[in-house]
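A.B. asks: Contents are mmCIF, C-alpha atoms; file name query-v4.cif:
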```cif
data_input
loop_
_atom_site.label_atom_id
_atom_site.label_comp_id
_atom_site.auth_asym_id
_atom_site.auth_seq_id
_atom_site.Cartn_x
_atom_site.Cartn_y
_atom_site.Cartn_z
CA MET A 14 -42.63 -1.14 -115.80
CA ILE A 15 -45.19 -0.89 -113.04
CA VAL A 16 -43.87 -0.96 -109.45
CA ARG A 17 -46.37 -0.93 -106.57
CA ASP A 18 -46.12 -1.45 -102.84
CA LEU A 19 -48.84 -3.35 -100.99
CA LYS A 20 -48.61 -0.78 -98.19
CA GLU A 21 -49.56 2.01 -100.58
CA ILE A 22 -52.40 -0.01 -102.11
CA ARG A 23 -53.71 -0.68 -98.58
CA SER A 24 -54.24 3.03 -98.02
CA SER A 25 -55.87 3.65 -101.41
CA GLU A 26 -59.24 3.02 -103.01
CA LYS A 27 -57.75 -0.15 -104.49
CA ASN A 28 -58.04 -1.76 -101.05
CA VAL A 29 -61.59 -3.13 -101.22
CA LYS A 30 -63.30 -4.46 -98.10
CA SER A 31 -66.48 -6.50 -98.16
CA ASP A 32 -68.26 -9.13 -96.09
CA GLY A 33 -65.63 -11.53 -94.79
CA TRP A 34 -62.68 -10.33 -96.86
CA VAL A 35 -60.45 -7.44 -97.83
CA SER A 36 -58.58 -7.35 -101.13
CA ALA A 37 -55.66 -5.19 -102.25
CA ARG A 38 -55.84 -4.92 -106.03
CA MET A 39 -52.21 -4.84 -107.14
CA LEU A 40 -53.04 -5.14 -110.86
CA LEU A 41 -56.39 -4.49 -112.52
CA LYS A 42 -57.83 -4.68 -116.00
CA ASP A 43 -56.62 -1.23 -117.01
CA ASP A 44 -53.02 -2.28 -116.38
CA ASN A 45 -53.36 -4.38 -119.56
CA MET A 46 -51.57 -7.44 -118.24
CA GLY A 47 -54.38 -9.78 -119.34
CA PHE A 48 -54.99 -10.83 -115.73
CA SER A 49 -55.59 -9.09 -112.42
CA PHE A 50 -53.58 -9.77 -109.29
CA HIS A 51 -54.85 -9.27 -105.74
CA VAL A 52 -53.56 -9.81 -102.23
CA THR A 53 -56.69 -10.92 -100.42
CA THR A 54 -57.37 -11.72 -96.78
CA MET A 55 -60.34 -13.91 -95.89
CA PHE A 56 -61.33 -13.45 -92.28
CA ALA A 57 -61.18 -16.10 -89.56
CA GLY A 58 -64.52 -17.65 -88.72
CA THR A 59 -66.33 -16.58 -91.87
CA GLU A 60 -67.86 -18.91 -94.45
CA LEU A 61 -67.34 -17.66 -97.98
CA LYS A 62 -69.53 -19.32 -100.60
CA MET A 63 -68.33 -18.35 -104.06
CA HIS A 64 -68.95 -19.16 -107.68
CA TYR A 65 -67.01 -17.21 -110.26
CA GLN A 66 -69.08 -17.97 -113.33
CA ASN A 67 -67.26 -15.39 -115.43
CA HIS A 68 -63.67 -15.79 -114.28
CA LEU A 69 -60.95 -18.35 -113.72
CA GLU A 70 -59.10 -17.80 -110.45
CA SER A 71 -56.02 -19.20 -108.75
CA VAL A 72 -55.30 -18.64 -105.06
CA LEU A 73 -52.00 -19.26 -103.26
CA ILE A 74 -52.20 -19.35 -99.46
CA LEU A 75 -49.43 -17.17 -98.02
CA LYS A 76 -50.38 -17.34 -94.34
CA GLY A 77 -53.08 -18.89 -92.18
CA THR A 78 -55.19 -22.04 -92.21
CA GLY A 79 -58.65 -23.10 -93.24
CA THR A 80 -60.46 -25.39 -95.64
CA ILE A 81 -62.03 -25.25 -99.09
CA GLU A 82 -65.04 -27.35 -99.98
CA ASP A 83 -65.59 -28.23 -103.63
CA LEU A 84 -69.37 -28.14 -103.93
CA GLY A 85 -69.22 -30.11 -107.16
CA THR A 86 -67.52 -33.15 -105.63
CA GLY A 87 -68.06 -32.62 -101.90
CA GLU A 88 -64.30 -32.86 -101.32
CA ILE A 89 -62.76 -30.75 -98.56
CA HIS A 90 -59.11 -29.67 -98.85
CA ASP A 91 -56.93 -28.24 -96.12
CA LEU A 92 -55.54 -24.77 -96.77
CA LYS A 93 -52.23 -23.60 -95.34
CA SER A 94 -49.16 -21.69 -96.47
CA GLY A 95 -47.95 -23.03 -99.82
CA VAL A 96 -51.23 -24.62 -100.89
CA MET A 97 -52.74 -23.32 -104.13
CA TYR A 98 -56.21 -23.91 -105.48
CA ALA A 99 -57.30 -23.08 -108.99
CA LEU A 100 -60.94 -22.81 -110.03
CA ASN A 101 -60.31 -24.10 -113.54
CA GLU A 102 -63.91 -25.18 -114.04
CA HIS A 103 -65.62 -22.18 -112.44
CA ASP A 104 -66.05 -24.49 -109.45
CA ARG A 105 -68.64 -23.62 -106.85
CA HIS A 106 -66.86 -23.62 -103.51
CA ILE A 107 -66.87 -22.58 -99.86
CA VAL A 108 -63.77 -21.29 -98.09
CA ARG A 109 -63.81 -21.55 -94.31
CA PRO A 110 -60.82 -19.71 -92.80
CA THR A 111 -59.83 -21.01 -89.37
CA THR A 112 -57.44 -18.09 -88.98
CA ASP A 113 -57.20 -15.06 -91.24
CA LEU A 114 -56.10 -16.41 -94.64
CA LEU A 115 -53.64 -14.20 -96.51
CA THR A 116 -53.61 -15.11 -100.20
CA ALA A 117 -52.25 -14.09 -103.61
CA CYS A 118 -54.98 -14.33 -106.26
CA VAL A 119 -54.94 -14.19 -110.05
CA PHE A 120 -58.10 -13.58 -112.09
CA ASN A 121 -58.54 -14.24 -115.81
CA PRO A 122 -60.10 -12.24 -117.36
CA PRO A 123 -58.86 -9.39 -115.18
CA VAL A 124 -61.41 -7.71 -112.93
CA SER A 125 -61.84 -3.98 -113.29
CA GLY A 126 -61.92 -3.40 -109.54
CA ARG A 127 -65.48 -2.16 -109.43
CA GLU A 128 -67.07 -5.58 -108.97
CA VAL A 129 -68.62 -6.87 -105.80
CA HIS A 130 -69.85 -10.42 -105.41
CA ASP A 131 -73.45 -10.75 -106.53
CA GLU A 132 -76.07 -12.93 -104.87
CA ASN A 133 -74.47 -16.03 -106.38
CA GLY A 134 -71.00 -15.24 -105.04
CA ALA A 135 -69.83 -14.32 -108.53
CA TYR A 136 -68.28 -11.26 -110.05
CA PRO A 137 -70.33 -10.04 -113.01
CA ALA A 138 -68.87 -10.39 -116.49
CA ASP A 139 -66.89 -7.37 -117.56
CA VAL A 140 -68.96 -4.70 -119.26
CA ASP A 141 -66.72 -4.85 -122.30
CA GLN A 142 -67.34 -8.57 -122.54
CA ASP A 143 -71.07 -7.93 -122.52
CA ARG A 144 -70.60 -5.74 -125.55
CA GLU A 145 -69.06 -8.54 -127.56
CA PRO A 146 -71.43 -10.38 -129.85
CA ALA A 147 -72.89 -13.52 -128.36
CA LEU A 148 -72.47 -16.83 -130.14
CA THR A 149 -75.70 -18.03 -131.70
CA GLU A 150 -76.31 -21.53 -132.92
CA MET B 18 -60.68 -27.69 -109.07
CA ILE B 19 -56.94 -28.05 -108.98
CA VAL B 20 -55.30 -28.20 -105.52
CA ARG B 21 -51.49 -28.33 -105.30
CA ASP B 22 -49.01 -28.01 -102.48
CA LEU B 23 -45.74 -26.15 -103.02
CA LYS B 24 -43.97 -28.87 -101.04
CA GLU B 25 -45.07 -31.51 -103.54
CA ILE B 26 -44.11 -29.34 -106.52
CA ARG B 27 -40.68 -28.83 -104.95
CA SER B 28 -39.98 -32.55 -105.13
CA SER B 29 -41.27 -32.94 -108.69
CA GLU B 30 -40.01 -32.16 -112.18
CA LYS B 31 -42.06 -28.96 -111.98
CA ASN B 32 -39.35 -27.52 -109.72
CA VAL B 33 -36.96 -26.06 -112.28
CA LYS B 34 -33.51 -24.87 -111.25
CA SER B 35 -31.27 -22.76 -113.44
CA ASP B 36 -28.49 -20.19 -113.13
CA GLY B 37 -29.35 -17.94 -110.21
CA TRP B 38 -32.93 -19.07 -109.62
CA VAL B 39 -35.23 -21.96 -108.85
CA SER B 40 -38.91 -21.93 -109.84
CA ALA B 41 -41.79 -24.10 -108.67
CA ARG B 42 -44.37 -24.16 -111.44
CA MET B 43 -47.71 -24.25 -109.63
CA LEU B 44 -49.78 -23.74 -112.82
CA LEU B 45 -48.62 -24.22 -116.39
CA LYS B 46 -50.07 -23.82 -119.85
CA ASP B 47 -51.72 -27.21 -119.88
CA ASP B 48 -53.78 -26.29 -116.82
CA ASN B 49 -55.74 -24.03 -119.18
CA MET B 50 -56.01 -21.07 -116.81
CA GLY B 51 -54.75 -18.63 -119.46
CA PHE B 52 -51.74 -17.75 -117.30
CA SER B 53 -49.00 -19.65 -115.51
CA PHE B 54 -48.18 -19.19 -111.86
CA HIS B 55 -44.77 -19.83 -110.31
CA VAL B 56 -43.16 -19.53 -106.89
CA THR B 57 -39.65 -18.45 -107.80
CA THR B 58 -36.56 -17.83 -105.70
CA MET B 59 -33.80 -15.62 -107.08
CA PHE B 60 -30.53 -16.26 -105.27
CA ALA B 61 -28.63 -13.75 -103.13
CA GLY B 62 -25.66 -12.16 -104.85
CA THR B 63 -26.67 -13.01 -108.39
CA GLU B 64 -27.37 -10.52 -111.16
CA LEU B 65 -30.29 -11.59 -113.32
CA LYS B 66 -30.57 -9.74 -116.63
CA MET B 67 -33.89 -10.57 -118.25
CA HIS B 68 -36.02 -9.54 -121.18
CA TYR B 69 -39.28 -11.39 -121.71
CA GLN B 70 -39.98 -10.43 -125.28
CA ASN B 71 -42.81 -12.92 -125.61
CA HIS B 72 -44.50 -12.67 -122.22
CA LEU B 73 -45.95 -10.21 -119.74
CA GLU B 74 -44.95 -10.99 -116.17
CA SER B 75 -45.87 -9.75 -112.70
CA VAL B 76 -43.75 -10.53 -109.65
CA LEU B 77 -44.77 -10.08 -106.00
CA ILE B 78 -41.92 -10.19 -103.47
CA LEU B 79 -42.89 -12.50 -100.61
CA LYS B 80 -39.60 -12.50 -98.71
CA GLY B 81 -36.13 -11.01 -99.03
CA THR B 82 -34.61 -7.82 -100.39
CA GLY B 83 -32.88 -6.61 -103.53
CA THR B 84 -33.27 -4.16 -106.37
CA ILE B 85 -34.62 -4.09 -109.90
CA GLU B 86 -33.11 -1.87 -112.56
CA ASP B 87 -35.30 -0.79 -115.44
CA LEU B 88 -32.88 -0.78 -118.37
CA GLY B 89 -35.25 1.37 -120.42
CA THR B 90 -35.28 4.27 -117.97
CA GLY B 91 -32.25 3.57 -115.78
CA GLU B 92 -34.46 3.69 -112.67
CA ILE B 93 -33.63 1.40 -109.76
CA HIS B 94 -36.41 0.25 -107.44
CA ASP B 95 -36.04 -1.39 -104.04
CA LEU B 96 -37.53 -4.85 -103.69
CA LYS B 97 -38.88 -6.16 -100.38
CA SER B 98 -41.87 -8.07 -99.09
CA GLY B 99 -45.08 -6.58 -100.52
CA VAL B 100 -43.50 -4.87 -103.51
CA MET B 101 -44.76 -5.96 -106.92
CA TYR B 102 -43.30 -5.22 -110.29
CA ALA B 103 -45.05 -5.84 -113.59
CA LEU B 104 -43.25 -5.97 -116.92
CA ASN B 105 -46.15 -4.50 -118.86
CA GLU B 106 -43.97 -3.32 -121.73
CA HIS B 107 -41.68 -6.34 -121.98
CA ASP B 108 -39.21 -4.18 -120.08
CA ARG B 109 -35.55 -5.15 -120.14
CA HIS B 110 -34.43 -5.36 -116.52
CA ILE B 111 -31.84 -6.59 -114.05
CA VAL B 112 -32.78 -8.06 -110.67
CA ARG B 113 -30.06 -7.99 -108.03
CA PRO B 114 -31.13 -9.98 -104.95
CA THR B 115 -29.34 -8.89 -101.77
CA THR B 116 -30.81 -11.88 -99.95
CA ASP B 117 -32.65 -14.78 -101.52
CA LEU B 118 -35.82 -13.29 -103.05
CA LEU B 119 -38.93 -15.44 -102.72
CA THR B 120 -41.56 -14.34 -105.23
CA ALA B 121 -44.96 -15.20 -106.70
CA CYS B 122 -44.92 -14.76 -110.50
CA VAL B 123 -47.66 -14.70 -113.13
CA PHE B 124 -46.91 -15.14 -116.84
CA ASN B 125 -49.22 -14.26 -119.72
CA PRO B 126 -49.28 -16.13 -122.01
CA PRO B 127 -48.65 -19.13 -119.76
CA VAL B 128 -45.31 -20.86 -120.08
CA SER B 129 -45.35 -24.56 -120.86
CA GLY B 130 -42.63 -25.34 -118.32
CA ARG B 131 -40.07 -26.48 -120.85
CA GLU B 132 -38.57 -23.05 -121.48
CA VAL B 133 -35.18 -21.91 -120.30
CA HIS B 134 -33.96 -18.35 -120.69
CA ASP B 135 -32.22 -17.87 -124.03
CA GLU B 136 -29.14 -15.74 -124.61
CA ASN B 137 -31.28 -12.58 -124.37
CA GLY B 138 -32.76 -13.54 -120.99
CA ALA B 139 -36.10 -14.30 -122.65
CA TYR B 140 -38.34 -17.31 -122.77
CA PRO B 141 -39.02 -18.33 -126.36
CA ALA B 142 -42.51 -17.84 -127.73
CA ASP B 143 -44.71 -20.84 -127.24
CA VAL B 144 -44.47 -23.36 -130.07
CA ASP B 145 -48.18 -22.96 -130.74
CA GLN B 146 -47.70 -19.24 -131.10
CA ASP B 147 -44.93 -19.83 -133.64
CA ARG B 148 -47.42 -21.75 -135.72
CA GLU B 149 -49.71 -18.76 -135.98
CA PRO B 150 -49.30 -16.70 -139.15
CA ALA B 151 -46.90 -13.81 -138.74
CA LEU B 152 -48.06 -10.29 -139.48
CA THR B 153 -46.50 -8.90 -142.66
CA GLU B 154 -46.50 -5.26 -143.64
#
```
Output the file's structure as structure tokens, nothing else.
C.D. replies:
Amino acid sequence: MIVRDLKEIRSSEKNVKSDGWVSARMLLKDDNMGFSFHVTTMFAGTELKMHYQNHLESVLILKGTGTIEDLGTGEIHDLKSGVMYALNEHDRHIVRPTTDLLTACVFNPPVSGREVHDENGAYPADVDQDREPALTE
Amino acid sequence: MIVRDLKEIRSSEKNVKSDGWVSARMLLKDDNMGFSFHVTTMFAGTELKMHYQNHLESVLILKGTGTIEDLGTGEIHDLKSGVMYALNEHDRHIVRPTTDLLTACVFNPPVSGREVHDENGAYPADVDQDREPALTE
């Protein structure tokens, strides 16, 4: 059994800060759960354009308000406590936090914790995945 | 993109109540995320003995207090907002909520939503898994 306290993660190297967000990695790939689990804050007033080409992600809003724009459909959804969005189709999207948005996020496959968003707003595929043979037709 | 509001789930058949807990299934197997995601409340004063033999589960405490006993080691851990436990070894455990415990739970593999805990405190393996050939030695 793994037991971890967000407060301890916050003061460790598993608390990763980048442009517009900070993310406490509660579970990562090497925990062998088959997913990773993060408590992530997106900062008020930022505009976060993201496209996770290599991951599926679900996000539950715990605190705060904002919007998410689905760049595939143009739809804009309100975000507030209790709303969840799931990027089940690797959806390109923009999150616009009105206040700081505190969220609980699940990634499949799990991230290793070393990733930063690349120029497309994606996390790169896991190195181990790259080693797997590619499908050829 | 899937967008769901906990309030809507609460008033649907995806809000499952059983002995000692109620669980809002935000994402289930048929959402094809590779995990399921639940907002689960365990009720104050109950004693929940569980053993997920067929699933890995992580649980983040959002609100409330209680304890979890690891029946493999005998260790007892305090539960409060920000504490996460992960049953990475299918650990047998007892949760004792002092107050109602509001939690965010991830299951791998995803549950279908039709499961109830069996006499061992487990969810049964998914029907599709049962159809897979068993390993024989």
A.B. asks: Would you mind telling me which residue in B:Tyr140, B:Arg21, B:Glu86, B:Trp38 lies nearest to Gly95 in chain A when using only C-alpha atoms?
C.D. replies: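 That would be B:Arg21, the residue with the smallest distance to Gly95 in chain A.
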A.B. asks: For chain B, which residues have at least one atom within 7 Å of chain A, if we go by only C-alpha atoms? Write them as a PyMOL selection string, please.
C.D. replies: chain B and resi 18-23+50-51+73+99-106+108+125
A.B. asks: Residue by residue, what does the PyMOL selection byres ((chain B and resi 31) around 10) grab here? Present the result as a short mmCIF file (atom, residue, chain, number, x, y, z; two decimals) with C-alpha atoms, keeping the file's coordinate frame.
C.D. replies:
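result17.cif written:
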```cif
data_model
loop_
_atom_site.label_atom_id
_atom_site.label_comp_id
_atom_site.auth_asym_id
_atom_site.auth_seq_id
_atom_site.Cartn_x
_atom_site.Cartn_y
_atom_site.Cartn_z
CA GLU B 25 -45.07 -31.51 -103.54
CA ILE B 26 -44.11 -29.34 -106.52
CA ARG B 27 -40.68 -28.83 -104.95
CA SER B 28 -39.98 -32.55 -105.13
CA SER B 29 -41.27 -32.94 -108.69
CA GLU B 30 -40.01 -32.16 -112.18
CA ASN B 32 -39.35 -27.52 -109.72
CA VAL B 33 -36.96 -26.06 -112.28
CA LYS B 34 -33.51 -24.87 -111.25
CA SER B 40 -38.91 -21.93 -109.84
CA ALA B 41 -41.79 -24.10 -108.67
CA ARG B 42 -44.37 -24.16 -111.44
CA MET B 43 -47.71 -24.25 -109.63
CA LEU B 44 -49.78 -23.74 -112.82
CA LEU B 45 -48.62 -24.22 -116.39
CA HIS B 55 -44.77 -19.83 -110.31
CA GLY B 130 -42.63 -25.34 -118.32
CA ARG B 131 -40.07 -26.48 -120.85
#
```
A.B. asks: Report the distance between CA of Ile111 in chain B and CA of Cys118 in chain A in Å, rounded to one decimal place.
C.D. replies: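 Distance reported for this atom pair: 25.6 Å.
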A.B. asks: Exactly which residues make up the result of the PyMOL selection byres ((chain B and resi 37) around 6) on this file, given as a list in words?
C.D. replies: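 For this structure, the PyMOL selection byres ((chain B and resi 37) around 6) resolves to Asp36, Trp38, Met59, Phe60 and Thr63 of chain B.
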